[in-house]
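Source file: data-v5.json. Holds: JSON, C-alpha atoms.
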```json
[["chain", "number", "residue", "atom", "x", "y", "z"],
["A", 13, "MET", "CA", -6.55, -7.56, -73.13],
["A", 14, "GLY", "CA", -3.97, -5.46, -75.04],
["A", 15, "GLU", "CA", -2.10, -2.44, -73.83],
["A", 16, "THR", "CA", -4.01, 0.83, -73.55],
["A", 17, "TRP", "CA", -2.41, 4.12, -74.56],
["A", 18, "ARG", "CA", -3.41, 7.61, -73.42],
["A", 19, "TYR", "CA", -3.06, 10.67, -75.60],
["A", 20, "ARG", "CA", -4.46, 14.09, -74.67],
["A", 21, "GLY", "CA", -7.05, 12.60, -72.34],
["A", 22, "GLN", "CA", -8.19, 9.89, -74.78],
["A", 23, "GLU", "CA", -7.69, 6.18, -74.25],
["A", 24, "ILE", "CA", -6.52, 4.24, -77.29],
["A", 25, "GLY", "CA", -7.01, 0.51, -76.96],
["A", 26, "SER", "CA", -6.18, -2.47, -79.14],
["A", 27, "ASP", "CA", -9.38, -2.04, -81.22],
["A", 28, "GLN", "CA", -8.47, 1.55, -82.14],
["A", 29, "ILE", "CA", -4.88, 0.57, -82.93],
["A", 30, "ALA", "CA", -6.15, -2.25, -85.18],
["A", 31, "PHE", "CA", -8.42, 0.27, -86.91],
["A", 32, "LEU", "CA", -5.49, 2.67, -87.41],
["A", 33, "ARG", "CA", -3.29, -0.10, -88.85],
["A", 34, "GLU", "CA", -6.01, -1.05, -91.33],
["A", 35, "PHE", "CA", -6.70, 2.60, -92.21],
["A", 36, "ILE", "CA", -2.99, 3.20, -92.90],
["A", 37, "ARG", "CA", -2.83, 0.01, -94.99],
["A", 38, "THR", "CA", -5.82, 1.03, -97.13],
["A", 39, "HIS", "CA", -4.37, 4.56, -97.61],
["A", 40, "ALA", "CA", -0.81, 3.42, -98.29],
["A", 41, "THR", "CA", -0.18, 6.01, -101.01],
["A", 42, "SER", "CA", -1.10, 8.96, -98.77],
["A", 43, "SER", "CA", 1.52, 11.21, -97.22],
["A", 44, "ARG", "CA", 1.53, 11.60, -93.46],
["A", 45, "TRP", "CA", -0.13, 15.01, -93.85],
["A", 46, "LYS", "CA", -2.87, 13.65, -96.10],
["A", 47, "LEU", "CA", -3.30, 10.54, -93.98],
["A", 48, "SER", "CA", -3.99, 12.60, -90.85],
["A", 49, "ARG", "CA", -6.54, 14.73, -92.72],
["A", 50, "GLN", "CA", -8.26, 11.64, -94.16],
["A", 51, "LEU", "CA", -8.39, 10.08, -90.71],
["A", 52, "CYS", "CA", -9.93, 13.26, -89.24],
["A", 53, "GLU", "CA", -12.58, 13.24, -91.98],
["A", 54, "GLU", "CA", -13.31, 9.56, -91.36],
["A", 55, "LEU", "CA", -13.67, 10.01, -87.59],
["A", 56, "GLY", "CA", -15.22, 13.49, -87.66],
["A", 57, "TRP", "CA", -12.38, 15.02, -85.62],
["A", 58, "LYS", "CA", -13.00, 18.74, -85.93],
["A", 59, "GLN", "CA", -12.34, 21.84, -83.86],
["A", 60, "ALA", "CA", -15.14, 24.08, -82.63],
["A", 61, "ASN", "CA", -14.58, 26.32, -85.67],
["A", 62, "GLY", "CA", -14.99, 23.36, -88.06],
["A", 63, "ALA", "CA", -11.29, 22.97, -88.96],
["A", 64, "LEU", "CA", -9.88, 19.45, -88.94],
["A", 65, "ARG", "CA", -7.85, 18.44, -85.87],
["A", 66, "ASP", "CA", -5.07, 17.15, -88.12],
["A", 67, "MET", "CA", -2.18, 18.41, -85.93],
["A", 68, "VAL", "CA", -3.61, 16.51, -82.95],
["A", 69, "CYS", "CA", -4.10, 13.48, -85.19],
["A", 70, "ARG", "CA", -0.50, 13.65, -86.47],
["A", 71, "GLY", "CA", 0.73, 13.93, -82.89],
["A", 72, "LEU", "CA", -1.20, 10.78, -81.94],
["A", 73, "LEU", "CA", 0.09, 8.90, -84.98],
["A", 74, "LEU", "CA", 3.69, 9.86, -84.19],
["A", 75, "VAL", "CA", 3.34, 8.74, -80.55],
["A", 76, "LEU", "CA", 1.96, 5.37, -81.67],
["A", 77, "GLU", "CA", 4.65, 4.97, -84.33],
["A", 78, "ARG", "CA", 7.45, 5.75, -81.86],
["A", 79, "ALA", "CA", 5.94, 3.17, -79.50],
["A", 80, "GLY", "CA", 6.05, 0.57, -82.29],
["A", 81, "GLN", "CA", 2.25, 0.20, -82.46],
["A", 82, "ILE", "CA", 1.80, 1.40, -86.05],
["A", 83, "GLU", "CA", 3.99, 2.06, -89.07],
["A", 84, "LEU", "CA", 3.47, 5.34, -90.89],
["A", 85, "PRO", "CA", 4.43, 6.00, -94.50],
["A", 86, "PRO", "CA", 7.95, 7.39, -94.87],
["A", 87, "VAL", "CA", 8.48, 11.13, -94.58],
["A", 88, "ARG", "CA", 8.24, 12.56, -98.10],
["A", 89, "ARG", "CA", 9.73, 15.97, -97.63],
["A", 90, "HIS", "CA", 11.65, 17.75, -94.94],
["A", 91, "ILE", "CA", 10.88, 21.42, -94.49],
["A", 92, "ARG", "CA", 14.21, 23.17, -94.26],
["A", 93, "GLY", "CA", 15.06, 26.70, -93.40],
["A", 94, "GLN", "CA", 11.96, 27.53, -91.40],
["A", 95, "CYS", "CA", 13.45, 30.54, -89.70],
["A", 96, "ARG", "CA", 11.10, 32.43, -87.39],
["A", 97, "THR", "CA", 12.80, 35.72, -88.15],
["A", 98, "GLY", "CA", 12.12, 35.20, -91.85],
["A", 99, "ARG", "CA", 8.37, 35.24, -91.32],
["A", 100, "PRO", "CA", 6.58, 38.44, -92.26],
["A", 101, "ARG", "CA", 5.21, 40.34, -89.27],
["A", 102, "PRO", "CA", 1.41, 40.59, -88.98],
["A", 103, "GLU", "CA", 0.01, 43.60, -90.78],
["A", 104, "ALA", "CA", -1.78, 46.26, -88.79],
["A", 105, "VAL", "CA", -5.56, 45.82, -88.84],
["A", 106, "SER", "CA", -7.46, 48.97, -88.00],
["A", 107, "ILE", "CA", -10.12, 48.74, -85.33],
["A", 108, "ASP", "CA", -12.47, 51.26, -83.78],
["A", 109, "ASP", "CA", -10.19, 52.91, -81.24],
["A", 110, "ALA", "CA", -12.75, 55.25, -79.71],
["A", 111, "PRO", "CA", -12.62, 54.77, -75.94],
["A", 112, "LEU", "CA", -15.14, 52.28, -74.55],
["A", 113, "VAL", "CA", -15.63, 53.67, -71.03],
["A", 114, "MET", "CA", -18.66, 52.60, -69.01],
["A", 115, "PRO", "CA", -19.72, 50.59, -65.95],
["A", 116, "LEU", "CA", -19.53, 46.82, -66.37],
["A", 117, "LYS", "CA", -23.30, 46.40, -66.03],
["A", 118, "VAL", "CA", -23.80, 48.69, -69.05],
["A", 119, "LEU", "CA", -21.03, 47.07, -71.07],
["A", 120, "GLY", "CA", -23.15, 44.04, -71.91],
["A", 121, "PRO", "CA", -22.11, 40.45, -72.52],
["A", 122, "VAL", "CA", -18.54, 39.50, -73.39],
["A", 123, "ASP", "CA", -18.49, 37.10, -76.34],
["A", 124, "ILE", "CA", -15.39, 34.85, -76.48],
["A", 125, "GLN", "CA", -14.78, 33.21, -79.86],
["A", 126, "ALA", "CA", -12.14, 30.79, -81.11],
["A", 127, "VAL", "CA", -10.49, 32.46, -84.10],
["A", 128, "ARG", "CA", -7.72, 30.06, -85.15],
["A", 129, "ARG", "CA", -8.10, 29.27, -88.86],
["A", 130, "THR", "CA", -10.96, 31.74, -89.26],
["A", 131, "ALA", "CA", -11.27, 35.10, -90.97],
["A", 132, "ASP", "CA", -10.59, 36.79, -87.60],
["A", 133, "GLU", "CA", -7.18, 35.15, -87.06],
["A", 134, "PRO", "CA", -5.29, 38.01, -88.81],
["A", 135, "LEU", "CA", -7.02, 40.45, -86.44],
["A", 136, "PHE", "CA", -5.84, 38.41, -83.44],
["A", 137, "ASN", "CA", -2.27, 38.27, -84.83],
["A", 138, "SER", "CA", -2.27, 42.00, -85.53],
["A", 139, "LEU", "CA", -3.54, 42.93, -82.06],
["A", 140, "MET", "CA", -0.92, 40.71, -80.43],
["A", 141, "GLU", "CA", 1.80, 42.21, -82.66],
["A", 142, "HIS", "CA", 0.89, 45.79, -81.87],
["A", 143, "TYR", "CA", -0.28, 45.65, -78.23],
["A", 144, "HIS", "CA", 1.58, 42.77, -76.53],
["A", 145, "TYR", "CA", 4.87, 43.81, -74.96],
["A", 146, "LEU", "CA", 6.68, 40.93, -76.71],
["A", 147, "ALA", "CA", 4.82, 41.41, -80.02],
["A", 148, "TYR", "CA", 3.43, 38.45, -81.94],
["A", 149, "GLU", "CA", 5.34, 35.19, -82.23],
["A", 150, "GLN", "CA", 4.03, 32.27, -84.26],
["A", 151, "PRO", "CA", 3.17, 29.59, -81.67],
["A", 152, "VAL", "CA", 4.80, 26.20, -82.01],
["A", 153, "GLY", "CA", 2.62, 23.10, -81.99],
["A", 154, "GLU", "CA", -0.99, 22.86, -81.01],
["A", 155, "HIS", "CA", -2.41, 26.15, -79.79],
["A", 156, "LEU", "CA", -5.61, 28.13, -79.36],
["A", 157, "LYS", "CA", -6.50, 31.72, -80.19],
["A", 158, "TYR", "CA", -9.54, 33.50, -78.75],
["A", 159, "LEU", "CA", -10.88, 37.02, -79.16],
["A", 160, "ALA", "CA", -13.17, 38.62, -76.61],
["A", 161, "TRP", "CA", -15.80, 40.91, -78.15],
["A", 162, "VAL", "CA", -17.98, 43.54, -76.51],
["A", 163, "GLN", "CA", -20.58, 45.46, -78.48],
["A", 164, "GLY", "CA", -19.12, 44.12, -81.74],
["A", 165, "ARG", "CA", -15.59, 45.30, -80.90],
["A", 166, "PRO", "CA", -12.54, 43.20, -80.03],
["A", 167, "VAL", "CA", -11.47, 44.01, -76.45],
["A", 168, "ALA", "CA", -9.04, 41.21, -75.57],
["A", 169, "CYS", "CA", -6.85, 38.51, -77.11],
["A", 170, "LEU", "CA", -6.63, 35.23, -75.22],
["A", 171, "PRO", "CA", -3.88, 32.93, -76.48],
["A", 172, "GLY", "CA", -3.62, 29.39, -75.16],
["A", 173, "VAL", "CA", -1.87, 26.11, -75.71],
["A", 174, "ARG", "CA", -3.30, 22.67, -76.22],
["A", 175, "ARG", "CA", -6.45, 22.07, -74.19],
["A", 176, "ARG", "CA", -5.84, 24.72, -71.54],
["A", 177, "VAL", "CA", -8.72, 27.10, -72.05],
["A", 178, "ILE", "CA", -8.15, 30.51, -70.60],
["A", 179, "TRP", "CA", -11.07, 32.07, -68.80],
["A", 180, "ALA", "CA", -9.90, 35.43, -67.56],
["A", 181, "ALA", "CA", -12.26, 37.74, -65.73],
["A", 182, "VAL", "CA", -11.55, 41.06, -67.36],
["A", 183, "THR", "CA", -12.12, 43.62, -64.65],
["A", 184, "ALA", "CA", -9.13, 45.82, -65.35],
["A", 185, "THR", "CA", -9.44, 49.54, -65.00],
["A", 186, "SER", "CA", -6.56, 50.25, -67.37],
["A", 187, "ALA", "CA", -5.49, 48.71, -70.65],
["A", 188, "GLY", "CA", -2.40, 46.66, -71.32],
["A", 189, "THR", "CA", -0.98, 43.20, -70.88],
["A", 190, "ARG", "CA", -2.15, 41.21, -67.86],
["A", 191, "LYS", "CA", -1.02, 37.95, -66.33],
["A", 192, "ARG", "CA", -3.71, 35.70, -64.86],
["A", 193, "GLY", "CA", -2.93, 32.18, -63.65],
["A", 194, "GLY", "CA", 0.22, 31.94, -65.76],
["A", 195, "ALA", "CA", -1.56, 32.93, -68.96],
["A", 196, "THR", "CA", -1.16, 36.19, -70.80],
["A", 197, "PHE", "CA", -4.03, 38.10, -72.31],
["A", 198, "VAL", "CA", -3.97, 41.46, -74.03],
["A", 199, "LEU", "CA", -6.56, 44.15, -73.51],
["A", 200, "SER", "CA", -7.29, 46.76, -76.10],
["A", 201, "PRO", "CA", -5.80, 50.11, -75.01],
["A", 202, "THR", "CA", -9.22, 51.73, -75.44],
["A", 203, "THR", "CA", -11.07, 49.42, -73.02],
["A", 204, "HIS", "CA", -11.77, 50.72, -69.52],
["A", 205, "ALA", "CA", -14.39, 49.22, -67.23],
["A", 206, "SER", "CA", -15.38, 50.25, -63.75]]
```

Entire entry expressed as structure tokens:
Amino acid sequence: MGETWRYRGQEIGSDQIAFLREFIRTHATSSRWKLSRQLCEELGWKQANGALRDMVCRGLLLVLERAGQIELPPVRRHIRGQCRTGRPRPEAVSIDDAPLVMPLKVLGPVDIQAVRRTADEPLFNSLMEHYHYLAYEQPVGEHLKYLAWVQGRPVACLPGVRRRVIWAAVTATSAGTRKRGGATFVLSPTTHAS
């Protein structure tokens, strides 16, 4: 039996590596970016919001290439000058800022939604920019973005990395940035629960 590799909780055996080698061979004219997207389509690798998991796929392909298990097409272009300070800051998105003050039992259910690569991602970025004490910084690598909604209003931003899902019990009596289990989440300044 061949060597087994582990990547992000998945086992990759000799059959999967043989499949990847054949897939790369049959898509020899594809760039690495396109190859990862084609592979995600072929295998149905999608996020909960329907976006392809192409960054995860590229990470897997790079790990296997560095280990000598597969050979990827050559890099076609290097992205130079990606300076974080050169990125435009998120624009302010207006939200209903009327105070939401009531007992928790009256508040109703808290709906937590993944917003990365959705129409609500600019709202998440804007709230982080304007309410987090460090402002918004574009995350590096694989990351998650969640918004918590109550009564149709965003009440918290929950950023995360990789597969660590942040479940924070929001029982704060004042707004602001909170730390819970090493993860930061941002409460809307108009949210107060008792």

| request: For atom CA of A:Leu139 and atom CA of A:Val105, quote the distance in Å rounded to one decimal. | output: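 Computing it gives 7.6 Å between the two atoms.
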
| request: Work out how far apart atom CA of A:Pro121 and atom CA of A:Gln163 are and give it in Å to one decimal. | output: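 Pair atom CA of A:Pro121 / atom CA of A:Gln163 returns 7.9 Å.
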
| query | Which value, in Å to one decimal, gives the distance between atom CA of A:Pro111 and atom CA of A:Thr130? | reply | 26.7 Å

| Minimum-distance residue to A:Pro100, chosen among A:Leu135, A:Asp123, A:Leu72, A:Gln150 (using all atoms listed in the file) |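 Ranked by minimum distance to A:Pro100, first place goes to A:Gln150.
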
| task | Skip A:Ala131 itself and residues of its chain fewer than 5 positions away, then list as a ChimeraX atom specification all residues within 12 Å of it, counting all atoms listed in the file. | result | /A:61,125-126,136-137,159

| said: Let me make sure I understand: among A:Val162, A:Cys169, A:His144, A:Gly21, which one has the smallest atom-to-atom distance to A:Leu112 if we use only C-alpha atoms? | reply: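 Under the stated criterion, the closest residue is A:Val162.
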
| Counting only C-alpha atoms, what is within 10 Å of A:Val87, bar same-chain residues fewer than 3 positions away, as a PyMOL selection string? | chain A and resi 43-45+84+90

| field | Close residues, A:Leu47 itself excluded, 12 Å, only C-alpha atoms, min 4 positions apart in chain, as an MDAnalysis selection string | value | chainID A and resid 32:33 35:43 51:54 66:67 69:70 73 84:87

| field | Counting all atoms listed in the file, the residue of A:Met114, A:Pro166, A:Arg129, A:Ser48 that sits nearest A:Gly62 | value |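 Looking only at the distances to A:Gly62, the closest residue turns out to be A:Arg129.
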